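Novice: Contents are mmCIF, C-alpha atoms and all ligand atoms; file name my_file_17.cif:
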```
data_query
#
loop_
_atom_site.label_atom_id
_atom_site.label_comp_id
_atom_site.auth_asym_id
_atom_site.auth_seq_id
_atom_site.Cartn_x
_atom_site.Cartn_y
_atom_site.Cartn_z
CA MET A 16 0.00 0.00 0.00
CA VAL A 17 1.20 3.46 -0.81
CA GLN A 18 0.23 6.58 1.09
CA ARG A 19 1.67 9.57 -0.75
CA LEU A 20 2.99 10.74 -4.07
CA GLY A 21 6.61 11.37 -3.10
CA TYR A 22 8.64 12.38 -6.12
CA VAL A 23 8.65 12.46 -9.90
CA GLY A 24 11.43 11.97 -12.44
CA LEU A 25 11.15 13.82 -15.73
CA GLY A 26 13.39 13.35 -18.77
CA VAL A 27 13.74 16.75 -20.44
CA SER A 28 15.53 18.17 -23.45
CA ASP A 29 16.10 21.72 -22.18
CA ILE A 30 17.14 21.82 -18.52
CA GLU A 31 17.89 25.55 -18.57
CA ALA A 32 14.40 26.40 -19.84
CA TRP A 33 12.96 24.12 -17.17
CA GLU A 34 15.01 25.75 -14.42
CA ARG A 35 13.69 29.18 -15.37
CA PHE A 36 10.12 27.94 -15.80
CA ALA A 37 10.12 26.08 -12.47
CA THR A 38 11.75 28.81 -10.39
CA GLU A 39 10.35 31.97 -12.03
CA ILE A 40 6.76 30.85 -12.67
CA LEU A 41 6.04 27.85 -10.43
CA GLY A 42 7.99 28.94 -7.35
CA PHE A 43 10.31 25.95 -6.99
CA VAL A 44 13.81 26.33 -5.57
CA THR A 45 16.72 24.52 -7.19
CA SER A 46 18.29 21.94 -4.91
CA GLY A 47 21.57 21.09 -6.61
CA ARG A 48 22.67 19.10 -9.63
CA ALA A 49 24.05 15.59 -9.95
CA ASP A 50 27.23 14.83 -11.91
CA ASP A 51 25.17 13.64 -14.88
CA GLY A 52 23.43 17.02 -15.13
CA THR A 53 20.23 16.01 -13.30
CA LEU A 54 18.61 19.09 -11.75
CA TYR A 55 16.73 18.74 -8.46
CA LEU A 56 13.78 20.98 -7.58
CA ARG A 57 12.68 21.65 -4.04
CA GLN A 58 9.09 22.33 -3.05
CA ASP A 59 8.99 21.86 0.73
CA SER A 60 11.12 20.52 3.57
CA TYR A 61 12.30 17.57 1.48
CA HIS A 62 15.53 17.81 -0.49
CA HIS A 63 13.67 17.51 -3.78
CA ARG A 64 10.37 16.45 -5.28
CA PHE A 65 11.32 16.67 -8.93
CA ALA A 66 14.44 15.31 -10.62
CA LEU A 67 14.91 16.64 -14.14
CA HIS A 68 17.17 14.33 -16.10
CA PRO A 69 18.83 15.62 -19.31
CA THR A 70 17.66 12.57 -21.26
CA ALA A 71 15.37 14.32 -23.75
CA GLU A 72 12.24 12.14 -23.52
CA ASP A 73 10.22 15.24 -22.61
CA ASP A 74 8.03 13.00 -20.51
CA ILE A 75 7.69 11.44 -17.09
CA VAL A 76 10.28 8.67 -16.66
CA TYR A 77 9.39 7.41 -13.18
CA VAL A 78 7.13 8.10 -10.23
CA GLY A 79 7.98 7.62 -6.55
CA TRP A 80 5.33 6.52 -4.04
CA GLU A 81 5.85 6.54 -0.29
CA ALA A 82 5.05 3.21 1.33
CA ARG A 83 2.85 3.08 4.45
CA GLY A 84 5.71 1.47 6.31
CA GLU A 85 9.05 -0.12 5.67
CA GLY A 86 7.60 -3.61 6.09
CA GLU A 87 5.33 -2.90 3.13
CA LEU A 88 8.10 -3.17 0.58
CA GLN A 89 8.67 -6.90 0.94
CA GLN A 90 4.92 -7.62 0.89
CA LEU A 91 4.54 -5.43 -2.15
CA ALA A 92 7.42 -7.19 -3.91
CA GLU A 93 5.61 -10.50 -3.37
CA ARG A 94 2.27 -9.12 -4.57
CA VAL A 95 3.78 -7.55 -7.68
CA THR A 96 5.74 -10.68 -8.53
CA ALA A 97 2.65 -12.85 -8.04
CA ALA A 98 0.91 -10.63 -10.60
CA GLY A 99 3.61 -11.55 -13.12
CA ILE A 100 5.49 -8.24 -12.96
CA ASP A 101 9.24 -8.08 -12.32
CA ALA A 102 10.13 -6.18 -9.14
CA THR A 103 13.65 -5.31 -8.02
CA PHE A 104 15.03 -3.58 -4.94
CA ALA A 105 17.37 -0.71 -5.74
CA THR A 106 20.99 -0.92 -4.62
CA PRO A 107 21.96 1.41 -1.74
CA SER A 108 23.66 3.82 -4.15
CA GLU A 109 20.61 3.87 -6.44
CA ALA A 110 18.40 4.61 -3.43
CA THR A 111 20.76 7.37 -2.31
CA ALA A 112 20.55 8.96 -5.76
CA ARG A 113 16.77 9.21 -5.27
CA GLY A 114 17.19 10.58 -1.75
CA VAL A 115 15.51 7.60 -0.06
CA VAL A 116 16.58 4.79 2.25
CA GLU A 117 15.12 1.89 0.29
CA LEU A 118 13.02 1.47 -2.82
CA LEU A 119 11.33 -1.21 -4.87
CA ARG A 120 11.01 -0.78 -8.65
CA PHE A 121 8.51 -2.20 -11.11
CA GLU A 122 6.59 -1.10 -14.18
CA ASP A 123 2.91 -0.46 -14.74
CA PRO A 124 1.05 -2.13 -17.65
CA GLY A 125 2.09 0.75 -19.94
CA GLY A 126 5.79 0.44 -19.06
CA LEU A 127 6.09 3.49 -16.77
CA GLY A 128 8.54 2.93 -13.91
CA HIS A 129 7.07 3.04 -10.40
CA GLU A 130 9.26 3.23 -7.30
CA VAL A 131 7.82 2.56 -3.86
CA PHE A 132 10.09 3.85 -1.13
CA PHE A 133 10.48 4.87 2.47
CA GLY A 134 12.71 7.47 4.07
CA LEU A 135 12.61 10.52 1.79
CA ALA A 136 15.52 12.91 2.48
CA ASN A 137 14.12 15.63 4.74
CA ILE A 138 16.12 18.82 5.32
CA GLY A 139 13.68 19.67 8.09
CA GLU A 140 13.38 23.43 7.87
CA LEU A 141 10.00 25.15 7.88
CA PHE A 142 10.33 26.04 4.23
CA VAL A 143 8.42 28.68 2.30
CA PRO A 144 9.80 29.08 -1.23
CA PRO A 145 10.91 32.72 -1.56
CA GLU A 146 8.76 33.34 -4.66
CA LEU A 147 5.59 32.33 -2.77
CA GLU A 148 3.34 33.89 -0.11
CA GLY A 149 2.49 30.54 1.38
CA ARG A 150 3.64 26.98 1.03
CA PHE A 151 2.90 24.25 -1.44
CA ARG A 152 0.12 22.10 0.00
CA THR A 153 2.12 18.91 0.50
CA GLY A 154 2.83 17.17 3.82
CA GLU A 155 0.57 14.21 4.48
CA LEU A 156 -1.25 14.83 1.17
CA GLY A 157 1.89 14.21 -0.88
CA MET A 158 3.55 16.48 -3.41
CA GLY A 159 0.62 16.91 -5.82
CA HIS A 160 -0.98 14.76 -8.48
CA LEU A 161 -0.34 13.25 -11.89
CA THR A 162 -2.65 12.79 -14.86
CA LEU A 163 -1.40 10.08 -17.19
CA HIS A 164 -2.33 8.91 -20.68
CA VAL A 165 -2.72 5.14 -20.82
CA THR A 166 -3.96 2.85 -23.55
CA ASP A 167 -5.56 0.15 -21.43
CA HIS A 168 -7.57 1.89 -18.76
CA ASP A 169 -8.90 -1.21 -17.03
CA LYS A 170 -5.49 -2.89 -16.74
CA HIS A 171 -4.22 0.25 -15.03
CA VAL A 172 -7.22 0.14 -12.70
CA GLU A 173 -6.05 -3.28 -11.53
CA PHE A 174 -2.53 -1.94 -11.10
CA TYR A 175 -3.45 1.07 -8.94
CA ARG A 176 -6.21 -0.72 -7.01
CA ASP A 177 -4.86 -4.21 -6.49
CA LEU A 178 -1.09 -3.64 -6.40
CA LEU A 179 -0.61 -0.11 -5.05
CA GLY A 180 -3.75 -0.37 -2.89
CA MET A 181 -5.28 2.95 -3.95
CA ARG A 182 -8.99 3.82 -3.83
CA ARG A 183 -10.99 5.08 -6.74
CA THR A 184 -12.49 8.53 -6.11
CA SER A 185 -14.27 9.07 -9.39
CA THR A 186 -14.82 7.38 -12.70
CA ARG A 187 -16.24 8.23 -16.09
CA ARG A 188 -16.98 6.29 -19.25
CA LEU A 189 -17.09 8.18 -22.52
CA PRO A 190 -19.16 7.35 -25.58
CA GLU A 191 -17.83 5.64 -28.69
CA GLY A 192 -16.01 8.09 -30.92
CA ALA A 193 -14.41 10.15 -28.14
CA PRO A 194 -10.58 9.98 -28.11
CA ILE A 195 -10.75 8.88 -24.45
CA ASP A 196 -12.79 5.81 -23.51
CA ALA A 197 -12.58 6.06 -19.71
CA VAL A 198 -11.17 8.29 -16.97
CA SER A 199 -10.68 7.51 -13.31
CA SER A 200 -9.05 9.25 -10.36
CA TRP A 201 -7.25 7.49 -7.51
CA ARG A 202 -6.37 8.48 -3.96
CA CYS A 203 -4.03 7.13 -1.31
CA ASN A 204 -4.74 9.80 1.34
CA ARG A 205 -7.29 12.60 1.79
CA ARG A 206 -6.23 14.36 -1.39
CA HIS A 207 -9.05 13.87 -3.93
CA HIS A 208 -6.60 12.15 -6.25
CA SER A 209 -2.89 11.57 -6.44
CA VAL A 210 -3.17 10.08 -9.90
CA ALA A 211 -5.77 10.21 -12.65
CA ILE A 212 -5.67 7.95 -15.69
CA LEU A 213 -6.99 8.91 -19.10
CA GLY A 214 -7.73 5.78 -21.12
CA MET A 215 -6.85 6.72 -24.70
CA ARG A 216 -8.22 4.80 -27.69
CA GLU A 217 -4.98 5.61 -29.56
CA PRO A 218 -1.56 6.01 -27.86
CA ALA A 219 -0.74 9.60 -26.88
CA ALA A 220 2.61 11.18 -27.77
CA GLN A 221 3.47 11.59 -24.08
CA ARG A 222 2.58 9.52 -21.01
CA LEU A 223 2.23 12.62 -18.87
CA ALA A 224 -0.79 14.81 -19.62
CA HIS A 225 -0.05 17.09 -16.67
CA PHE A 226 1.24 17.17 -13.14
CA GLY A 227 -0.70 19.11 -10.51
CA LEU A 228 0.72 21.40 -7.84
CA HIS A 229 -1.45 22.56 -4.93
CA LEU A 230 -0.92 25.90 -3.17
CA ASN A 231 -2.21 27.04 0.21
CA ASP A 232 -2.52 30.71 -0.74
CA ILE A 233 -4.85 31.78 -3.56
CA ASP A 234 -2.58 34.75 -4.28
CA ASP A 235 0.23 32.38 -5.27
CA VAL A 236 -2.04 30.98 -7.97
CA GLY A 237 -2.97 34.48 -9.11
CA VAL A 238 0.62 35.69 -9.25
CA ALA A 239 1.74 32.56 -11.14
CA TYR A 240 -1.18 33.08 -13.54
CA ASP A 241 0.09 36.58 -14.30
CA LYS A 242 3.63 35.29 -14.80
CA ALA A 243 2.44 32.47 -17.05
CA GLN A 244 0.45 34.96 -19.13
CA ASP A 245 3.54 37.21 -19.39
CA ALA A 246 5.52 34.19 -20.62
CA GLY A 247 2.78 33.19 -23.06
CA VAL A 248 2.49 29.68 -21.64
CA VAL A 249 -1.09 29.56 -20.31
CA ALA A 250 -2.74 26.54 -21.91
CA VAL A 251 -6.07 26.53 -20.03
CA THR A 252 -7.56 29.56 -18.28
CA LEU A 253 -8.33 29.87 -14.58
CA GLY A 254 -11.30 27.77 -13.56
CA ARG A 255 -12.75 25.53 -10.86
CA HIS A 256 -13.11 21.79 -11.16
CA GLN A 257 -16.35 20.09 -10.11
CA GLY A 258 -14.64 16.99 -8.75
CA ASP A 259 -11.78 18.08 -6.53
CA GLN A 260 -12.99 21.73 -6.44
CA VAL A 261 -9.46 22.97 -7.09
CA LEU A 262 -9.26 26.49 -8.50
CA SER A 263 -6.50 26.27 -11.08
CA PHE A 264 -5.02 27.13 -14.43
CA TYR A 265 -2.83 25.05 -16.72
CA ALA A 266 0.44 26.09 -18.31
CA THR A 267 2.50 24.40 -21.01
CA THR A 268 5.88 23.30 -19.65
CA PRO A 269 9.10 23.43 -21.69
CA SER A 270 8.53 19.72 -22.40
CA GLY A 271 5.10 20.26 -23.97
CA PHE A 272 2.99 18.51 -21.32
CA GLN A 273 1.15 20.74 -18.88
CA VAL A 274 1.26 21.72 -15.23
CA GLU A 275 -1.94 22.40 -13.30
CA TYR A 276 -1.36 25.08 -10.68
CA GLY A 277 -4.15 25.21 -8.14
CA TRP A 278 -5.47 26.41 -4.82
CA LEU A 279 -6.79 24.11 -2.11
CA GLY A 280 -9.14 21.33 -3.19
CA ARG A 281 -11.65 19.05 -1.55
CA GLU A 282 -10.43 16.35 0.80
CA ILE A 283 -12.03 12.92 0.70
CA LEU A 284 -12.85 10.63 3.60
CA ASP A 285 -11.47 7.14 3.40
CA ASP A 286 -14.90 5.51 3.02
CA ALA A 287 -16.32 8.05 0.55
CA PRO A 288 -18.44 6.61 -2.25
CA ILE A 289 -17.15 6.51 -5.82
CA ASP A 290 -18.52 9.33 -7.94
CA GLN A 291 -19.56 8.45 -11.45
CA VAL A 292 -18.94 11.76 -13.19
CA VAL A 293 -21.56 12.66 -15.78
CA GLY A 294 -21.50 16.47 -15.75
CA PRO A 295 -18.98 18.97 -17.06
CA PRO A 296 -15.51 18.76 -15.47
CA SER A 297 -15.43 22.42 -14.44
CA LYS A 298 -17.95 24.78 -12.77
CA TRP A 299 -16.52 27.72 -14.69
CA GLY A 300 -13.39 28.67 -16.63
CA HIS A 301 -10.78 26.13 -17.73
CA ARG A 302 -11.12 27.28 -21.33
CA PRO A 303 -8.38 26.20 -23.71
CA VAL A 304 -6.01 28.88 -24.93
CA THR A 305 -4.67 28.50 -28.42
CA SER A 306 -1.37 30.25 -28.62
CA SER A 307 0.95 29.73 -31.53
CA ARG A 308 4.56 28.67 -31.29
CA GLU A 309 5.54 32.14 -32.55
CA ASP A 310 3.45 33.88 -29.88
CA ASN A 311 5.06 31.80 -27.16
CA ALA A 312 8.55 32.37 -28.53
CA THR A 313 8.02 36.13 -28.57
CA PHE A 314 6.72 36.21 -25.02
CA SER A 315 9.43 33.86 -23.84
CA ALA A 316 12.21 35.87 -25.43
CA ALA A 317 10.86 38.97 -23.70
CA ARG A 318 11.17 37.23 -20.34
CA GLY A 319 14.50 35.65 -21.18
CA VAL A 320 12.92 32.21 -21.13
CA THR A 321 13.89 29.87 -23.93
CA GLY A 322 12.48 26.52 -24.89
CA VAL A 323 8.91 27.23 -23.79
CA SER A 324 7.84 27.78 -27.37
CA ARG A 325 6.06 24.51 -28.00
CA GLU A 326 2.50 24.68 -29.14
CA THR A 327 -0.13 23.97 -26.57
CA GLU A 328 -2.02 20.73 -26.86
CA THR A 329 -5.33 22.44 -27.29
FE FE B 1 -5.21 17.82 -12.53
#
```
Let me see the file written as structure tokens.

Specialist:
Amino acid sequence: MVQRLGYVGLGVSDIEAWERFATEILGFVTSGRADDGTLYLRQDSYHHRFALHPTAEDDIVYVGWEARGEGELQQLAERVTAAGIDATFATPSEATARGVVELLRFEDPGGLGHEVFFGLANIGELFVPPELEGRFRTGELGMGHLTLHVTDHDKHVEFYRDLLGMRRTSTRRLPEGAPIDAVSSWRCNRRHHSVAILGMREPAAQRLAHFGLHLNDIDDVGVAYDKAQDAGVVAVTLGRHQGDQVLSFYATTPSGFQVEYGWLGREILDDAPIDQVVGPPSKWGHRPVTSSREDNATFSAARGVTGVSRETET
């Protein structure tokens, strides 16, 4: 069983653009570089939550989940292996590179690497990133959430439910002809979802649709919205979701996938019923912005940001 989204590894083609985007717009603090050029980004008291590897996939390359307890790892290894999936414990030096004490690795049905760990490196200061009024809403809720494109929705349901031990918060089936056949959101603590899966009828270009960051102070979302507009990277306007009730906007990252930047959000009790979503996903807002590559490049050059010139997905 996992209890929090702990860290994410991204493979990116333009680390410098990412460093500017993450620190100037999103409010992250850089937390050092590894010898291979990997850039670490700090969000809270932990050493890092994001590792940006200069490996050019422009996609998520692994996800780290915090185990409920250290004894969970061996049980999980047995459960994963019994399901016919290879699971391996990282060597001590591999675990150190991730900033954890111990971790177990295996892949989901789509081939994305999952790492279940305990002992995330904690610097321990009461940390407010200097660009922000308040803190990222992390702690026991985990670092945020992920929304992933998958091609076999129901196989991934088995993976998150039966192997990682997560609970489904909401689910939706779409009619024939839609590019997505099913969507579901999954929680492992009171956060409405730590991962959502979009079941695509055809494979998407990237596994990661977006990652979500949650802020405690609404002004941090407003200020980041202004900065993202200045940089020409807003992909979806400010709006409020029906499901998790997060007030958020979406920006296009230098890797082309999006980041959702949001305030608060509804917390879910452990025994809450599963919502079958049939209405619109947002109460208001969340309208797609179509900005051309040239528009983005012009705005980015004005801010001294390079590499954020990819077209939005909308
Ligand atoms: Fe989201």

Novice: Find the distance between atom CA of A:Glu93 and atom CA of A:Tyr61 and write it in Å to one decimal.

Specialist: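 That distance, rounded to one decimal, is 29.3 Å.
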
Novice: So, counting only C-alpha atoms, which residue among A:Asp241, A:Asp290, A:Glu146, A:Glu72 is closest to A:Thr186?

Specialist: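 Closest to A:Thr186, using only C-alpha atoms: A:Asp290.
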
Novice: Could you state the separation of atom CA of A:Ala266 and atom CA of A:Val249 in Å, given to one decimal place?

Specialist: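 Separation between atom CA of A:Ala266 and atom CA of A:Val249: 4.3 Å.
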
Novice: Show me the residues around (16.1, 19.7, 4.9) - criterion: an atom at most 8 Å away, all atoms listed in the file counted - as a ChimeraX atom specification.

Specialist: /A:60-62,136-140

Novice: List all protein, DNA and RNA residues that have an atom no more than 10 Å from any atom of ligand FE 1 (chain B), counting all atoms listed in the file, and report them as JSON, numbers by chain.

Specialist: {"A": [159, 160, 161, 162, 163, 200, 208, 209, 210, 211, 224, 225, 226, 227, 228, 229, 256, 259, 261, 263, 264, 265, 273, 274, 275, 276, 277]}
